[in-house]
Amino acid sequence: MGQSRHRHRRCRPDVVSVGNTPASEHELLPEERVVVQLDFHGASTGTYWLVLEHPEPSACMWDPRFEVDLFVSVDTIAIHRVWMGMTSIAECVENGQIELNGLTARVSAFPSWFKFSVFSDVKRMVHSG
């Protein structure tokens, strides 16, 4: 098995979902509760929910039974690259790796709710590839 394939097998949707708890900076969250359904496909699959509300947003591995405000269909590798600061949500939307469906205001606000890995600002010393 090649190194690239091995790396992709370790990309788990729950890491990004749970890593997004709290899912954003609290001051950027809307006042009302927003539920985001994340449908992962590609290297690993699964459905998770972010319940963005004050005082504490949460990630759910099971349907929280709230009405979903924003549906996000995402390639698992792509969202890991976004989480690590290697690409942007806008770039992934443009190339079809992320699809956002919901009210325009929710779709526009989603990138501000996304919490990046603590390593996303680290400069890479070695170019991979």
# chains A, B, ... in the order shown; residues from 1 in each chain; ligands from 1
>>> select_by_dssp(residues="stretch 17-126 of chain A", states="strand (DSSP E)", output="list in words")
Val34, Val35, Val36, Gln37, Leu38, Asp39, Phe40, His41, Gly46, Thr47, Tyr48, Trp49, Leu50, Val51, Leu52, Ser58, Ala59, Cys60, Leu70, Phe71, Val72, Ser73, Val74, Asp75, Ile98, Glu99, Leu100, Asn101 and Gly102 of chain A
>>> write_last_selection(atoms="C-alpha atoms", output="mmCIF file, in the first residue's frame")
data_model
loop_
_atom_site.group_PDB
_atom_site.id
_atom_site.type_symbol
_atom_site.label_atom_id
_atom_site.label_comp_id
_atom_site.auth_asym_id
_atom_site.auth_seq_id
_atom_site.Cartn_x
_atom_site.Cartn_y
_atom_site.Cartn_z
ATOM 1 C CA VAL A 34 -28.081 26.864 13.714
ATOM 2 C CA VAL A 35 -27.833 23.174 12.875
ATOM 3 C CA VAL A 36 -25.328 22.077 10.234
ATOM 4 C CA GLN A 37 -25.480 18.563 8.794
ATOM 5 C CA LEU A 38 -22.102 17.378 7.483
ATOM 6 C CA ASP A 39 -22.238 14.520 4.968
ATOM 7 C CA PHE A 40 -18.734 13.172 4.338
ATOM 8 C CA HIS A 41 -17.827 11.167 1.239
ATOM 9 C CA GLY A 46 -20.322 9.488 7.686
ATOM 10 C CA THR A 47 -22.906 12.032 8.725
ATOM 11 C CA TYR A 48 -22.371 14.381 11.664
ATOM 12 C CA TRP A 49 -24.130 17.481 12.964
ATOM 13 C CA LEU A 50 -22.874 20.738 14.416
ATOM 14 C CA VAL A 51 -25.341 22.434 16.739
ATOM 15 C CA LEU A 52 -24.150 26.017 16.847
ATOM 16 C CA SER A 58 -21.517 20.987 20.042
ATOM 17 C CA ALA A 59 -20.736 18.219 17.549
ATOM 18 C CA CYS A 60 -23.113 15.251 17.338
ATOM 19 C CA LEU A 70 -27.392 24.109 6.426
ATOM 20 C CA PHE A 71 -26.448 20.931 4.577
ATOM 21 C CA VAL A 72 -22.762 20.462 3.813
ATOM 22 C CA SER A 73 -21.641 17.682 1.476
ATOM 23 C CA VAL A 74 -17.883 17.383 1.687
ATOM 24 C CA ASP A 75 -15.004 15.256 0.476
ATOM 25 C CA ILE A 98 -17.667 21.019 -0.820
ATOM 26 C CA GLU A 99 -21.341 21.753 -1.507
ATOM 27 C CA LEU A 100 -23.313 24.085 0.766
ATOM 28 C CA ASN A 101 -27.125 24.046 0.648
ATOM 29 C CA GLY A 102 -29.292 26.316 2.744
#
>>> atom_distance(atom1="atom CA of A:Thr76", atom2="atom CA of A:Pro64")
21.8 Å
>>> atom_distance(atom1="atom CA of A:Glu91", atom2="atom CA of A:Glu27")
25.0 Å
>>> atom_distance(atom1="atom CA of A:Ala78", atom2="atom CA of A:Trp62")
22.7 Å
>>> closest_residue(among="A:Ala105, A:Ala43, A:Glu53, A:Arg65", to="A:Ile79", atoms="only C-alpha atoms")
A:Ala43
>>> closest_residue(among="A:Pro111, A:Ser88, A:Ile77, A:Glu31", to="A:Glu56", atoms="only C-alpha atoms")
A:Glu31
>>> closest_residue(among="A:Asn95, A:Lys115, A:Leu29, A:Phe110", to="A:Trp83", atoms="only C-alpha atoms")
A:Lys115
